[in-house]
Structures are given as C-alpha cells and as structure tokens.
Amino acid sequence: MQFTPVERAPQHLTAEQVDAFNENGYVAPLTLFEGDEASRQRNYLDGLLRQVQAGGRDAYDINEYHHLCQGIYDIVTNPKLLDYVEDLIGPNIVCWGSHYFCKMPHDERVVPFHQDAPYWPFRPSRAVTAWIAIDDIRPDAGPMCFLPGSHRQGRLEWQRRTENVVLELEVKDRSELAPPTPLILNAGQFSLHTDLLVHGSQANLSDHRRCGLTIRYVPPEVWVKDEASLGWTRSAVICRGRDPTGRWPNNPRPDCEMFGTKELGGVAG
Ligand SMILES: O=C(O)CCC(=O)C(=O)O
C-alpha cells in the first residue's frame, strides 16, 4: 500500500501547499471558522457533550453522528472545507466517517502513533482526514502530532497497545521516522492528512479541553475490501459531485439533532 502523490492543479490550496501535502503527508493550518462561528461551533459541541455526559458516556463517544445531527452534517458538507478537500482527492467527494476526538482536561489517555489506513477496510488507500480544532489547541493539552514524511514509507508494521489509550494500534518502530511535529491551531483552523501519515497525541495534562473533529473523505472509487466490511459505508454522505460507481449510500441532511435514539434539541443553533 503506497501513497499516491496529488498531481492535480489546485484551485484553493496553493501549489506550495499541495507540494507540502505530498512531501509531509499533511497541510496545515487552514481556516474554516473564525470569530463568532468558531464560538458557535464550540457551543454546539458543549451541547453534545452535555448529552453524552448525562448518559454516563465517554467524551470520545461522539462518533459517526454526521448523518443524524444536522450541525455535524453541515460541517462535513461545508463548501469551504470541500474546496480544499477537492484539491487533494478530486471533484467527487464521499464522507464515510466523523469523530470528535475530545480530550477533557487531565485526560491521561494517549493516541499511540499510528497510520489510519490499517484501521480501515478501504482500498485503495486514498482517504484524507480533516482535523478541525473546536478548541484552541495548546502545546500542553496533548495536541495531535504528525511525523512528517512518514506516509512515504507505505504501510508500516503495527502492534497492539491497550493501556491508557484511546486507539489501540501503534506503529512498531519509529526509529527511522521524523520526530513528531505538534499541530498547534486556533479554534476553527484545521489540517488535512493522508491515511498513511503516522500521527498520535499524548495525554492532556492541562486544565483545558482539547477537542478536534475528524472527518474522513474518499473519492467514490475507494470501496470496502469485502462484504463483511459494508457496515463502514452505512453513514456515508456524497458531499460533492457524484458517485459514478453507484455503490455509496447518500444519507440526506437530517432535519434535527438525533443522538442515538434521543432528540438533543436546541444545540444546533
Ligand atoms: O485527535 C487525536 O489526538 C488523534 C486523531 C487521529 O488519530 C486522527 O485524526 O486520525
């Protein structure tokens, strides 16, 4: 499994940013929300979190709700975000996943350094993740860290790590890879990274929440490797363009805020 460099002429990213994506495996910082809109997005997450916590669930549990919550659907399909994604994967864009990686203050769990591709049953490896800062991301709050250029190694060997982690896969040997570069962002800024880039994050030892919304985008020619993995496609949204393969479901914009089977109410506005 190898990284395919982006060769298209960009419309919204600069040629230098596309070169940086090819060279480093990510591009950042880009800006999606500013001022009041960034605050509105933070308030929206606060509302979702209140629901999660009231149900005794974990802050990381806001996973795969973009086809159920209008507020998340609207981020996933935001035209400005899609303009940048289009420059990397082309005019037909499917979103199959979204997940708030919400590290609460003093959360000691780490995200071990990993590549995304081995977690997922998709072929070929062409996914791009948008990681949108919902909070200001401070150096002491366990920011996401990228290992620049690691995507050019192809798929790396991994091992399972289970203690004090949010995700369990870990790249076995980092000795030949570049040191981690922390992603320091203001709320509303975001990065785009390829699914072969090694990345992870440390504990949040600060008094501040550190939340990023990840959104997984692929061109429609990417598909699951076998029938048993079809569940991974079930919450898909065709965000832009069309699906010439006719395989991807296209969930419509929800007209409310559903969380599990419960209406959230009042958190989208
Ligand atoms: O937010 C984090 O710390 C990790 C996120 C991550 O692993 C991803 O976006 O794929």
# chains A, B, ... in the order shown; residues from 1 in each chain; ligands from 1
>>> residues_near_ligand(ligand="ligand 1", cutoff="10 Å", atoms="only C-alpha atoms and all ligand atoms", output="PyMOL selection string")
chain A and resi 60+98-103+109-117+119+128-133+142-146+166-167+183+191-195+197-204+210-216
>>> residues_around(residues="Leu156 (chain A)", least_positions_apart="4", cutoff="9 Å", atoms="only C-alpha atoms", output="MDAnalysis selection string")
chainID A and resid 114:115 118 171:173 196
>>> write_last_selection(atoms="N, CA and C atoms", output="PDB file, in the first residue's frame")
ATOM      1  N   HIS A 114       0.170   6.077  15.037  1.00  0.00           N
ATOM      2  CA  HIS A 114      -0.426   5.075  14.144  1.00  0.00           C
ATOM      3  C   HIS A 114      -0.635   5.663  12.756  1.00  0.00           C
ATOM      4  N   GLN A 115      -0.891   4.787  11.788  1.00  0.00           N
ATOM      5  CA  GLN A 115      -1.426   5.181  10.486  1.00  0.00           C
ATOM      6  C   GLN A 115      -2.908   4.843  10.507  1.00  0.00           C
ATOM      7  N   PRO A 118      -4.410   1.140   8.268  1.00  0.00           N
ATOM      8  CA  PRO A 118      -4.572  -0.221   8.785  1.00  0.00           C
ATOM      9  C   PRO A 118      -5.841  -0.426   9.625  1.00  0.00           C
ATOM     10  N   VAL A 171       2.362   2.030  15.635  1.00  0.00           N
ATOM     11  CA  VAL A 171       3.447   1.685  14.720  1.00  0.00           C
ATOM     12  C   VAL A 171       4.577   1.075  15.537  1.00  0.00           C
ATOM     13  N   LYS A 172       5.141  -0.065  15.045  1.00  0.00           N
ATOM     14  CA  LYS A 172       6.101  -0.829  15.839  1.00  0.00           C
ATOM     15  C   LYS A 172       7.422  -0.100  16.042  1.00  0.00           C
ATOM     16  N   ASP A 173       7.915   0.519  14.986  1.00  0.00           N
ATOM     17  CA  ASP A 173       9.270   1.075  15.065  1.00  0.00           C
ATOM     18  C   ASP A 173       9.284   2.474  14.446  1.00  0.00           C
ATOM     19  N   LEU A 196      -1.898   7.410   5.352  1.00  0.00           N
ATOM     20  CA  LEU A 196      -0.650   6.670   5.622  1.00  0.00           C
ATOM     21  C   LEU A 196       0.301   7.463   6.515  1.00  0.00           C
TER      22      LEU A 196
END
>>> residues_around(residues="region 3-20 of chain A", least_positions_apart="5", cutoff="8 Å", atoms="only C-alpha atoms", output="ChimeraX atom specification")
/A:25-27,83-84,87-89,125-126,151-152,154,196
>>> select_by_dssp(residues="region 122-204 of chain A", states="strand (DSSP E)", output="list in words")
Phe122, Arg123, Val128, Thr129, Ala130, Trp131, Ile132, Ala133, Met144, Cys145, Phe146, Trp158, Gln159, Arg160, Leu169, Glu170, Val171, Thr181, Pro182, Gln189, Phe190, Ser191, Leu192, His193, Thr194, His199, Gly200 and Ser201 of chain A
>>> closest_residue(among="A:Ala28, A:Val222, A:Ile75, A:Ile62", to="Asn92 (chain A)", atoms="only C-alpha atoms")
A:Val222
>>> atom_distance(atom1="CA of Pro105 (chain A)", atom2="CA of Ser206 (chain A)")
5.6 Å
>>> residues_around(residues="Gln189 (chain A)", least_positions_apart="3", cutoff="9 Å", atoms="only C-alpha atoms", output="CSV table (one decimal) with N, CA and C atoms, in the first residue's frame")
chain,number,residue,atom,x,y,z
A,28,ALA,N,-1.3,22.3,6.8
A,28,ALA,CA,-1.9,23.0,8.0
A,28,ALA,C,-1.0,24.3,8.2
A,29,PRO,N,-1.6,25.3,8.8
A,29,PRO,CA,-3.0,25.4,9.2
A,29,PRO,C,-3.8,26.0,8.0
A,30,LEU,N,-5.1,25.5,7.9
A,30,LEU,CA,-6.1,26.1,7.0
A,30,LEU,C,-7.2,26.6,7.9
A,31,THR,N,-8.0,27.6,7.4
A,31,THR,CA,-9.0,28.2,8.3
A,31,THR,C,-10.4,27.9,7.8
A,32,LEU,N,-11.3,27.4,8.7
A,32,LEU,CA,-12.7,27.1,8.3
A,32,LEU,C,-13.6,28.1,9.0
A,33,PHE,N,-13.5,28.2,10.4
A,33,PHE,CA,-14.4,29.0,11.1
A,33,PHE,C,-13.5,30.1,11.8
A,34,GLU,N,-14.1,31.3,11.9
A,34,GLU,CA,-13.5,32.4,12.6
A,34,GLU,C,-14.5,33.1,13.5
A,38,ALA,N,-16.6,30.3,15.1
A,38,ALA,CA,-15.8,29.3,15.9
A,38,ALA,C,-16.4,29.1,17.2
A,131,TRP,N,-8.9,17.5,10.2
A,131,TRP,CA,-8.9,17.6,11.7
A,131,TRP,C,-9.2,19.0,12.1
A,132,ILE,N,-10.4,19.3,12.5
A,132,ILE,CA,-10.8,20.7,12.8
A,132,ILE,C,-10.8,21.0,14.3
A,133,ALA,N,-10.0,22.0,14.6
A,133,ALA,CA,-9.9,22.4,16.0
A,133,ALA,C,-11.2,23.1,16.5
A,134,ILE,N,-11.8,22.5,17.5
A,134,ILE,CA,-13.0,23.0,18.0
A,134,ILE,C,-12.6,24.0,19.2
A,136,ASP,N,-9.1,26.1,21.1
A,136,ASP,CA,-7.8,26.5,20.8
A,136,ASP,C,-6.9,25.3,21.2
A,185,LEU,N,-3.2,24.8,16.8
A,185,LEU,CA,-4.2,25.5,16.0
A,185,LEU,C,-5.1,26.4,16.8
A,186,ASN,N,-5.6,27.5,16.2
A,186,ASN,CA,-6.7,28.2,16.9
A,186,ASN,C,-8.0,27.5,16.6
>>> closest_residue(among="A:Leu68, A:Ile137, A:Leu147, A:Ala236", to="Glu176 (chain A)", atoms="only C-alpha atoms")
A:Leu147
>>> residues_around(residues="Arg155 (chain A)", least_positions_apart="2", cutoff="7 Å", atoms="only C-alpha atoms", output="list of chain:residue names")
A:Met1, A:Gln2, A:Gln153, A:Glu157, A:Leu196
>>> write_last_selection(atoms="C-alpha atoms", output="PDB file, in the first residue's frame")
ATOM      1  CA  MET A   1       0.000   0.000   0.000  1.00  0.00           C
ATOM      2  CA  GLN A   2       1.713   3.170  -1.237  1.00  0.00           C
ATOM      3  CA  GLN A 153       7.198   4.624   3.864  1.00  0.00           C
ATOM      4  CA  GLU A 157       4.116  -2.811  10.792  1.00  0.00           C
ATOM      5  CA  LEU A 196      -0.650   6.670   5.622  1.00  0.00           C
TER       6      LEU A 196
END
>>> closest_residue(among="A:His106, A:Trp96, A:Asp207, A:Ala187", to="Asn63 (chain A)", atoms="only C-alpha atoms")
A:Trp96
>>> closest_residue(among="A:Gln70, A:Leu205, A:Trp120, A:Arg174", to="Glu108 (chain A)", atoms="only C-alpha atoms")
A:Leu205
>>> closest_residue(among="A:Pro219, A:Pro124, A:Gly231, A:Gly97", to="Asp243 (chain A)", atoms="only C-alpha atoms")
A:Pro219
>>> select_by_dssp(residues="region 89-192 of chain A", states="helix (DSSP H, G or I)", output="ChimeraX atom specification")
/A:89,117-119,139-141,150-153
>>> atom_distance(atom1="CA of Phe259 (chain A)", atom2="CA of Arg50 (chain A)")
11.6 Å
